[in-house]
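Undergrad: Handing you a structure now.
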Amino acid sequence: MIPFNKPRLTGNERVYIDEVLKSERFAGGGPFSEKCAAWLESRLECAKAFLVPSGTAALEMMMLLAGVGPGDEVILPSFTFTSTANAVVLRGATPMFADIRPDTMNIDEEQIEKVITPQTKAICPVYYAGAACRVELIEALAKRWGLLVLPDAAQALGSFHKGRPLCSYGHMAALSFHETKNLHCGEGGALLVNNSAFAERAEIVMEKGTDRGKFFRGQVDKYSWVDLGSSFLMNEITAAFLYAQLEEADQTLQHRLELWNLYYQELEPLEKLGKLRRATPVDGHNGHIFWITLNDEGTRNALMDELKRKGIGATFHYVPLHNAPMGTRFPSGELPVTEDCAVRLLRLPLYHELSEVLRVTEAVESFLQRVP
């Protein structure tokens with residue numbers, strides 16, 4: 001059996017968790033939390049990193065800090081996970097869906113301006129599969145219209161764009177450490193603040209709306225409720241697990257890219273025959289997902305079933321949000337590329353211990369050679 005995903009353990013997770021258990025200091029903000037935040041700030045070139053319980057929490061905290069609220073609109077792709085849109089809707093704002101590009105599955109930069117209205121507050125690009133969109137164009141567009149750029153960078157840890165960490169673009173960015181990600185802690189995330197103007201308030205929002213951080217630093221004699229907030233704080237046990245992953249980041253990401261490149265190489269003949277389209281090797285991507293698109297939905301579904309019968313865990317991805325029951329409550333124009341690609345996309349197994357890429361590609365080839 002080849003599963004779709006298998007979370008990697010680097011070896012020190014248990015060691016570090018035992019350190020926390022012996023310390024009897026389990027809540028967030030401890031030594032491992034500080035180490036993880038420092039690692040993220042250094043490697044991702046952000047002003048401040050805040051560890052949170054999930055990527056979803058990072059998105060929700062980001063929208064709160066950005067002042068997104070009733071009457072506002074936030075532009076995002078429909079081809080994304082529900083958390084991206086939920087973070088907007090929970091603030092009382094409206095998600096405005098833009099179409100995607102078929103080569104990267106990222107938001108189509110040329111379509112964004114068509115969706116901007118006087119109510120637009122921010123643009124939220126999603127870095128699908130850890131691949132960059134043309135973020136410098138989005139930042140220029142946002143500057144022209146006076147908008148915030150708030151990327152959903154859940155899949156993008158370790159990705160680069162034009163020599164910069166991809167997560168360093170935008171005013172803030174949301175990361176995920178879910179067990180499906182390249183580096184993980186089961187469930188976890190981080191809010192990356194790239195514009196220091198948001199940093200002081202972020203600490204308050206993360207601490208349930210209190211100035212508790214200032215109290216512990218001796219800056220106030222007691223802490224109290226001073227702003228909106230919630231329980232946006234990763235616990236120390238999870239942070240210990242995460243630090244073991246971050247220590248091995250270079251090795252993990254390099255091996256992931258090697259597996260991705262092997263898929264890309266082995267499937268080239270099928271693309272030349274017009275049987276499929278391979279994932280685009282965007283410069284600086286982190287090898288998070290290897291996806292293919294088939295020529296039609298029926299072929300995609302039949303191939304997925306065939307691989308399943310052979311013990312290979314390939315799977316589709318997002319159902320476009322604008323067509324989902326909740327999504328139909330919000331306005332949406334025509335999104336032909338999103339609707340077309342979503343039903344033809346298939347993700348192939350990709351994880352650190354995967355040793356049978358050739359078995360997967362041979363199964364794909366065997367099936368598609370029988371398809372007219």
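Letters for chains follow the order of the structure tokens (A, B, ...), residue numbers begin at 1 for each chain, and ligand numbers begin at 1 in the order shown.
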May I have the residues within 6 Å of region 184-192 of chain A as a list in words, using only C-alpha atoms and disregarding those fewer than 4 positions away in the same chain?
TA: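 What passes the distance filter is Ala49, Phe50, Leu51, Val52, Pro53, Ser54, Gly55, Ala58, Met172, Ala173, Ala174, Leu175, Ser176, Phe177, His178, Glu179, Phe241 and Leu242 of chain A.
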Undergrad: Keeping only C-alpha atoms, take the residues you just selected and write them out as a PDB file, in the first residue's frame.
TA:
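Done, and the output landed in selection.pdb:
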```
ATOM      1  CA  ALA A  49       6.243  35.155  14.024  1.00  0.00           C
ATOM      2  CA  PHE A  50       3.388  34.030  16.273  1.00  0.00           C
ATOM      3  CA  LEU A  51       2.802  30.311  16.828  1.00  0.00           C
ATOM      4  CA  VAL A  52      -0.892  29.432  16.732  1.00  0.00           C
ATOM      5  CA  PRO A  53      -2.918  26.192  17.029  1.00  0.00           C
ATOM      6  CA  SER A  54      -3.579  25.815  13.283  1.00  0.00           C
ATOM      7  CA  GLY A  55      -3.308  27.414   9.884  1.00  0.00           C
ATOM      8  CA  ALA A  58      -3.512  32.042  11.642  1.00  0.00           C
ATOM      9  CA  MET A 172       1.103  39.324   6.912  1.00  0.00           C
ATOM     10  CA  ALA A 173       0.994  35.649   5.925  1.00  0.00           C
ATOM     11  CA  ALA A 174      -0.606  32.521   7.393  1.00  0.00           C
ATOM     12  CA  LEU A 175       1.351  29.241   7.661  1.00  0.00           C
ATOM     13  CA  SER A 176       0.126  25.715   8.437  1.00  0.00           C
ATOM     14  CA  PHE A 177       1.926  22.871  10.198  1.00  0.00           C
ATOM     15  CA  HIS A 178      -0.850  20.314   9.670  1.00  0.00           C
ATOM     16  CA  GLU A 179       0.447  16.765   9.355  1.00  0.00           C
ATOM     17  CA  PHE A 241       7.405  18.653  18.343  1.00  0.00           C
ATOM     18  CA  LEU A 242       7.560  21.446  15.769  1.00  0.00           C
TER      19      LEU A 242
END
```
Undergrad: Could you build a table of the residues in region 297-350 of chain A lying no more than 12 Å from region 246-270 of chain A, giving for each the nearest pair of atoms and their separation in Å rounded to one decimal place, using only C-alpha atoms, ordered by chain and ascending residue number, as CSV?
TA:
```
residue,atom,partner,partner_atom,distance
A:Arg347,CA,A:Tyr263,CA,11.4
A:Leu348,CA,A:Tyr263,CA,9.0
A:Pro349,CA,A:Trp260,CA,10.0
A:Leu350,CA,A:Leu259,CA,7.3
```
Undergrad: How about saving the chosen residues, C-alpha atoms kept, as a short mmCIF file (atom, residue, chain, number, x, y, z; two decimals), in the first residue's frame?
TA:
```
data_model
loop_
_atom_site.label_atom_id
_atom_site.label_comp_id
_atom_site.auth_asym_id
_atom_site.auth_seq_id
_atom_site.Cartn_x
_atom_site.Cartn_y
_atom_site.Cartn_z
CA ARG A 347 -2.68 14.59 -6.59
CA LEU A 348 -0.14 11.76 -6.46
CA PRO A 349 1.43 10.37 -3.25
CA LEU A 350 4.30 12.47 -1.93
#
```
Undergrad: Give me the residues of region 182-281 of chain A that have any atom at most 10 Å from an atom of region 121-145 of chain A; for each, the nearest atom pair and the distance in Å, rounded to one decimal. Use only C-alpha atoms, sort by chain and number, and format it as JSON lines.
TA:
```
{"residue": "A:Asn182", "atom": "CA", "partner": "A:Gly130", "partner_atom": "CA", "distance": 9.8}
{"residue": "A:Ala279", "atom": "CA", "partner": "A:Ala129", "partner_atom": "CA", "distance": 9.2}
{"residue": "A:Thr280", "atom": "CA", "partner": "A:Ala131", "partner_atom": "CA", "distance": 8.7}
{"residue": "A:Pro281", "atom": "CA", "partner": "A:Ala131", "partner_atom": "CA", "distance": 8.2}
```
Undergrad: Write the residues of the preceding selection, restricted to N, CA and C atoms, as a CSV table (one decimal), in the first residue's frame.
TA:
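Okay, selection.csv is ready:
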```
chain,number,residue,atom,x,y,z
A,182,ASN,N,4.8,19.8,4.6
A,182,ASN,CA,6.2,19.3,4.5
A,182,ASN,C,6.8,19.2,5.9
A,279,ALA,N,2.4,19.1,-13.1
A,279,ALA,CA,2.5,20.3,-12.3
A,279,ALA,C,3.6,21.2,-12.9
A,280,THR,N,3.5,22.5,-12.8
A,280,THR,CA,4.5,23.4,-13.4
A,280,THR,C,5.6,23.6,-12.3
A,281,PRO,N,6.9,23.4,-12.7
A,281,PRO,CA,8.0,23.6,-11.8
A,281,PRO,C,8.3,25.1,-11.6
```
Undergrad: Which residues in region 47-242 of chain A does DSSP call strand (DSSP E or B)? List them as a PyMOL selection string.
TA: chain A and resi 48-52+73-77+94-98+100+107+120-123+126+148-149+152+160-161+164-165+172-176+189-193+207+210+225+231
Undergrad: I'd like the neighbourhood of region 14-25 of chain A as a PyMOL selection string, where a residue qualifies if any of its atoms comes within 10 Å (using only C-alpha atoms), though same-chain residues fewer than 3 positions away should be ignored.
TA: chain A and resi 9-11+28-32+235-244
Undergrad: Have a look at A:Pro102, A:Leu183, A:Gln245, A:Met62 and name the one nearest to Gly170 (chain A); count only C-alpha atoms.
TA: A:Met62
Undergrad: Using backbone DSSP assignments, extract all helix (DSSP H, G or I) residues from region 112-358 of chain A; output them as a ChimeraX atom specification.
TA: /A:112-115,128-130,135-145,166-168,196-206,212-216,236-247,249-266,268-272,297-309,321-323,327-329,336-342,357-358
